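In what follows, a structure is listed as structure tokens, so that the remarks can point back to it.
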Amino acid sequence: MNALAATNRNFRHASRILGLDSKLEKSLLISFREIKVECTIPKNDGSLATYVGFRVQHDNARGPMKGGIRYHPEVDPDEVNALTQLMTWKTAVVDIPYGGAKGGIGCTPRDLSMSELERLTRVFTKKIHDLIGTHTDIPAPDMGTNAQTMAWILDEYSKFHGHSPAVVTGKPIDLGGSLGREAATGQGVVFATEALLAQHGKSIKGLKFVFSGFGNVGSWVARLIHERGGKIIVVSDVTGAVKNQNGLDIGDLLRHKEETGCLTNFSGGDHMDPNELLTHECDVLIPCALGGVLNKENAADVKAKFIIEAANHPTDPEADEILSKKGVVILPNIYANAGGVTVRYFEWVQNIQGFMWEEEKVNNELQKYMTKAFRNIKAMCQSHNCSLRMGAFTLAVKRVACATTLRGWKLRLVLIHLLWICSLVTAEEADWFQSLPSIKVSLFFFVNHELLPHTLMGVVNI
């Protein structure tokens, strides 16, 4: 099952638990806007090249939309839509005032020079600058992009709208980026793990951990768990896997990888088959890289007691059911890896206030948000007698549904639909009405009621 189908399945399950109105349920699934643009740039060799860029904006009921921009040659539309929705639920779980968005450009970054990447980023920003903004949609780095990419977007956007540091997050520190940003997702995973283990009367110290993935997130989680006394016995990435039943020295392993570019031939551990990693004996399994690695083929053989989903969608729904029946406790990714977007929210807040925080304050606030979110998830689990995944989804969906209802979603949708039927607005104008509070839409109809046929006035006045 792909990421979008799995996300929709979890959403619908949460919707049934909450007893949502079917029309509201459908409304929450549909993206607010999908943008597709063509970006043509001159290459260094004098030729012209065209790349397709896009941005999917899912929901703005709780605040501006938020999500990464990725540069990758094969960005799957289903995956992007799933990640857009997941960002809506993720921000709602940790109770930060955002909705979800995602986007990027179909390109291979390593095949482009720095100047070509800059030109491409600036052309893309010119195409979408009216559709993003400090209080509209705030991009961030993702696969194939980084702080420099955000700096280019900030600069290009500011040419049209004035200096706007809060239009993107994940920026360089010198342009208003937040301290603690590099470790944020990993730090959040550790705080979430501590909250889960404490609820079971355990702590990180002395437990055995297995890591699938040792990139930015995995390496930070491993480093922080190692500092807290956790015993990391297996680590893997795309170059291979290494194990040591007495515990790997993560500092030495990080230095080895930096020097050689791989995990293989590490003197402090033994090589192992990466295919055996997920079923290795341990207390805690932490998938930090690819989605769908836990599936119906290997779930029955998993020996971990806890699974912390640091990656997006690492567990297929079929595997979820198998693992739950085995008594494995799974901390879902929409909560476990929310530390990154939470610290990006802190960056946005700092930019708007024009007052920057010390790293200690960033980490302390992150711990508060992650700990409070776990308590709220557990409360939903107890109320609805459900798993942590459904507890997180029901919490998120309930918050978004509540915000949508309070803003008057029924009235707004009815009026916009009538405008469209009567051909009184274009698709672009309908988008504009969709973003207005209901009272403003109602006022438009009150002032312009002669625009509607008399047969429809009764419906509008209900």
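Naming works like this for the structure tokens: A, B, ... for the chains as they're shown, residue 1 at the start of each chain, ligands 1 onward in shown order.
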Just the residues within 9 Å of region 369-382 of chain A, please, counting only C-alpha atoms, with nothing from its chain fewer than 2 positions along; format it as a PyMOL selection string. chain A and resi 93-96+188-189+191-192+194-196+335-336+338-339+342+364-367+384-395
Excluding same-chain residues fewer than 3 positions from Asn216 (chain A), what lies within 12 Å of it counting only C-alpha atoms, as a count of residues only? 22
Dump as a tab-separated table the rows for residues of region 321-420 of chain A within 12 Å of region 37-61 of chain A: closest atom pair and distance in Å with one decimal, only C-alpha atoms counted, ordered by chain and rising residue number.
residue	atom	partner	partner_atom	distance
A:Val397	CA	A:Ala61	CA	11.5
A:Arg399	CA	A:Ala61	CA	9.6
A:Val400	CA	A:Ala61	CA	6.6
A:Ala401	CA	A:Ala61	CA	8.4
A:Cys402	CA	A:Ala61	CA	9.0
A:Ala403	CA	A:Ala61	CA	5.7
A:Thr404	CA	A:Ala61	CA	5.3
A:Thr405	CA	A:Ala61	CA	9.0
A:Leu406	CA	A:Ala61	CA	9.2
A:Arg407	CA	A:Ala61	CA	7.6
A:Gly408	CA	A:Ala61	CA	10.3
A:Trp409	CA	A:Ala61	CA	9.4
Can you check which parts of region 21-115 of chain A lie within 12 Å of region 156-172 of chain A? Per residue, the shortest pair of atoms and distance in Å to one decimal, counting only C-alpha atoms, sorted by chain and number, as a Markdown table.
| residue | atom | partner | partner_atom | distance |
| --- | --- | --- | --- | --- |
| A:Pro64 | CA | A:Val167 | CA | 10.5 |
| A:Met65 | CA | A:Val167 | CA | 11.0 |
| A:Lys66 | CA | A:Val168 | CA | 9.1 |
| A:Gly67 | CA | A:Thr169 | CA | 9.5 |
| A:Gly68 | CA | A:Thr169 | CA | 9.3 |
| A:Ile69 | CA | A:Val168 | CA | 10.3 |
Residues as selected, all heavy atoms, written as an mmCIF file, in the first residue's frame, can you do that?
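Everything below was put into result01.cif:
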data_model
loop_
_atom_site.group_PDB
_atom_site.id
_atom_site.type_symbol
_atom_site.label_atom_id
_atom_site.label_comp_id
_atom_site.auth_asym_id
_atom_site.auth_seq_id
_atom_site.Cartn_x
_atom_site.Cartn_y
_atom_site.Cartn_z
ATOM 1 N N PRO A 64 -1.401 29.228 8.595
ATOM 2 C CA PRO A 64 -0.724 29.111 7.301
ATOM 3 C C PRO A 64 -0.219 27.699 7.057
ATOM 4 O O PRO A 64 0.028 26.935 7.993
ATOM 5 C CB PRO A 64 0.437 30.105 7.417
ATOM 6 C CG PRO A 64 0.604 30.371 8.872
ATOM 7 C CD PRO A 64 -0.739 30.180 9.494
ATOM 8 N N MET A 65 -0.074 27.359 5.788
ATOM 9 C CA MET A 65 0.365 26.012 5.434
ATOM 10 C C MET A 65 1.887 25.922 5.499
ATOM 11 O O MET A 65 2.587 26.915 5.315
ATOM 12 C CB MET A 65 -0.181 25.644 4.058
ATOM 13 C CG MET A 65 -1.693 25.487 4.093
ATOM 14 S SD MET A 65 -2.519 25.494 2.486
ATOM 15 C CE MET A 65 -2.503 27.237 2.083
ATOM 16 N N LYS A 66 2.387 24.718 5.774
ATOM 17 C CA LYS A 66 3.808 24.551 6.079
ATOM 18 C C LYS A 66 4.301 23.228 5.518
ATOM 19 O O LYS A 66 3.632 22.200 5.660
ATOM 20 C CB LYS A 66 3.994 24.541 7.603
ATOM 21 C CG LYS A 66 5.453 24.507 8.037
ATOM 22 C CD LYS A 66 6.028 25.900 8.076
ATOM 23 C CE LYS A 66 7.486 25.910 8.452
ATOM 24 N NZ LYS A 66 8.352 25.480 7.348
ATOM 25 N N GLY A 67 5.471 23.234 4.885
ATOM 26 C CA GLY A 67 6.023 21.978 4.402
ATOM 27 C C GLY A 67 7.232 22.188 3.520
ATOM 28 O O GLY A 67 7.518 23.303 3.058
ATOM 29 N N GLY A 68 7.943 21.119 3.254
ATOM 30 C CA GLY A 68 9.215 21.178 2.569
ATOM 31 C C GLY A 68 9.125 21.349 1.065
ATOM 32 O O GLY A 68 8.082 21.130 0.448
ATOM 33 N N ILE A 69 10.257 21.756 0.486
ATOM 34 C CA ILE A 69 10.451 21.785 -0.962
ATOM 35 C C ILE A 69 11.606 20.844 -1.270
ATOM 36 O O ILE A 69 12.698 20.992 -0.724
ATOM 37 C CB ILE A 69 10.786 23.210 -1.450
ATOM 38 C CG1 ILE A 69 9.533 24.091 -1.376
ATOM 39 C CG2 ILE A 69 11.326 23.181 -2.878
ATOM 40 C CD1 ILE A 69 9.756 25.519 -1.835
#
Extract, using only C-alpha atoms, all DNA, RNA and protein residues at most 12 Å from Glu358 (chain A), discarding same-chain residues fewer than 5 positions from it, and format them as a PyMOL selection string. chain A and resi 173+177-181+346-347+350+363-365
Export C-alpha atoms of the chosen residues as a tab-separated table (two decimals), in the first residue's frame?
chain	number	residue	atom	x	y	z
A	173	ILE	CA	21.58	31.35	11.13
A	177	GLY	CA	17.57	30.68	11.11
A	178	SER	CA	17.01	29.15	14.54
A	179	LEU	CA	19.64	27.61	16.74
A	180	GLY	CA	18.97	23.91	17.33
A	181	ARG	CA	17.54	23.44	13.84
A	346	PHE	CA	9.88	28.40	16.69
A	347	GLU	CA	12.03	29.92	13.91
A	350	GLN	CA	11.39	34.33	16.29
A	363	ASN	CA	15.34	22.60	23.23
A	364	ASN	CA	13.38	23.29	26.42
A	365	GLU	CA	10.35	24.49	24.45
Fewer than 6 positions away in the same chain doesn't count, so skip those; otherwise give me all residues within 10 Å of Asn244 (chain A), counting only C-alpha atoms, as JSON, numbers by chain. {"A": [231, 232, 233, 234, 235, 268, 269, 270, 271, 272]}
Could the residues in this selection be saved with C-alpha atoms as a short mmCIF file (atom, residue, chain, number, x, y, z; two decimals), in the first residue's frame?
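File selection18.cif, as written:
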data_model
loop_
_atom_site.label_atom_id
_atom_site.label_comp_id
_atom_site.auth_asym_id
_atom_site.auth_seq_id
_atom_site.Cartn_x
_atom_site.Cartn_y
_atom_site.Cartn_z
CA LYS A 231 23.17 0.69 23.91
CA ILE A 232 23.05 0.94 20.11
CA ILE A 233 23.83 -2.53 18.80
CA VAL A 234 23.06 -2.20 15.06
CA VAL A 235 23.19 0.73 12.61
CA GLY A 268 34.41 -1.08 16.29
CA GLY A 269 31.83 -3.52 14.93
CA ASP A 270 31.12 -6.43 12.61
CA HIS A 271 29.48 -6.41 9.20
CA MET A 272 25.94 -7.80 9.00
#
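From CA of Ile204 (chain A) back to CA of Glu360 (chain A), the distance works out to 21.2 Å.
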Given the choices A:Lys127, A:His256, A:Arg16, A:Lys202, which gets closest to Val284 (chain A) if the distance is worked out from only C-alpha atoms?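 Ranked by minimum distance to Val284 (chain A), first place goes to A:Lys202.
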CA of Leu331 (chain A) to CA of Asn312 (chain A): how many Å, to one decimal?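 Going from CA of Leu331 (chain A) over to CA of Asn312 (chain A), I get 11.9 Å.
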In region 208-288 of chain A, what's strand (DSSP E or B) per DSSP? Answer as a list in words? Lys208, Phe209, Val210, Phe211, Ser212, Lys231, Ile232, Ile233, Val234, Val235, Ser236, Asp237, Gly240, Ala241, Val242, Lys243, Asp270, His271, Met272, Val284, Leu285, Ile286 and Pro287 of chain A
Gap from CA of Val238 (chain A) to CA of Asn275 (chain A) - Å, one decimal: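 Between these atoms lies a distance of 11.5 Å.
Between Ile30 (chain A) and the residues A:Gly240, A:Gly100, A:Pro73, A:Gly144, the shortest atom-to-atom distance, using only C-alpha atoms, involves A:Gly100.
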Using only C-alpha atoms, can you tell me which of A:Thr315, A:Thr149, A:Asn265, A:Thr134 comes closest to Ile352 (chain A)? A:Thr134
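Proximity ranking of A:Ile322, A:Leu18, A:Val328, A:Val75 relative to Ala396 (chain A) places A:Leu18 first, based on only C-alpha atoms.
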DSSP helix (DSSP H, G or I) residues within region 144-353 of chain A, listed as a PyMOL selection string: chain A and resi 147-161+165-167+173-175+184-199+216-227+250-260+274-279+299-301+317-325+333-336+339-353
Within 10 Å of Glu74 (chain A), counting only C-alpha atoms, which residues qualify if same-chain residues fewer than 3 places away don't, as JSON, numbers by chain? {"A": [71, 77, 105, 106, 107, 108]}
Could the residues in this selection be saved with N, CA and C atoms as a compact mmCIF listing (two decimals), in the first residue's frame?
# COMPACT_ATOMS: atom_id res chain seq x y z
N TYR A 71 14.05 18.72 -4.18
CA TYR A 71 14.56 18.64 -5.55
C TYR A 71 14.96 17.18 -5.79
N PRO A 77 3.77 11.80 -7.20
CA PRO A 77 2.64 12.66 -6.82
C PRO A 77 1.84 12.12 -5.63
N ILE A 105 10.75 20.50 -7.19
CA ILE A 105 11.06 20.57 -8.62
C ILE A 105 11.64 19.23 -9.06
N GLY A 106 11.18 18.76 -10.21
CA GLY A 106 11.72 17.51 -10.76
C GLY A 106 13.06 17.74 -11.41
N CYS A 107 14.13 17.52 -10.65
CA CYS A 107 15.48 17.72 -11.19
C CYS A 107 16.46 16.85 -10.41
N THR A 108 17.67 16.74 -10.92
CA THR A 108 18.73 16.01 -10.22
C THR A 108 19.75 17.02 -9.74
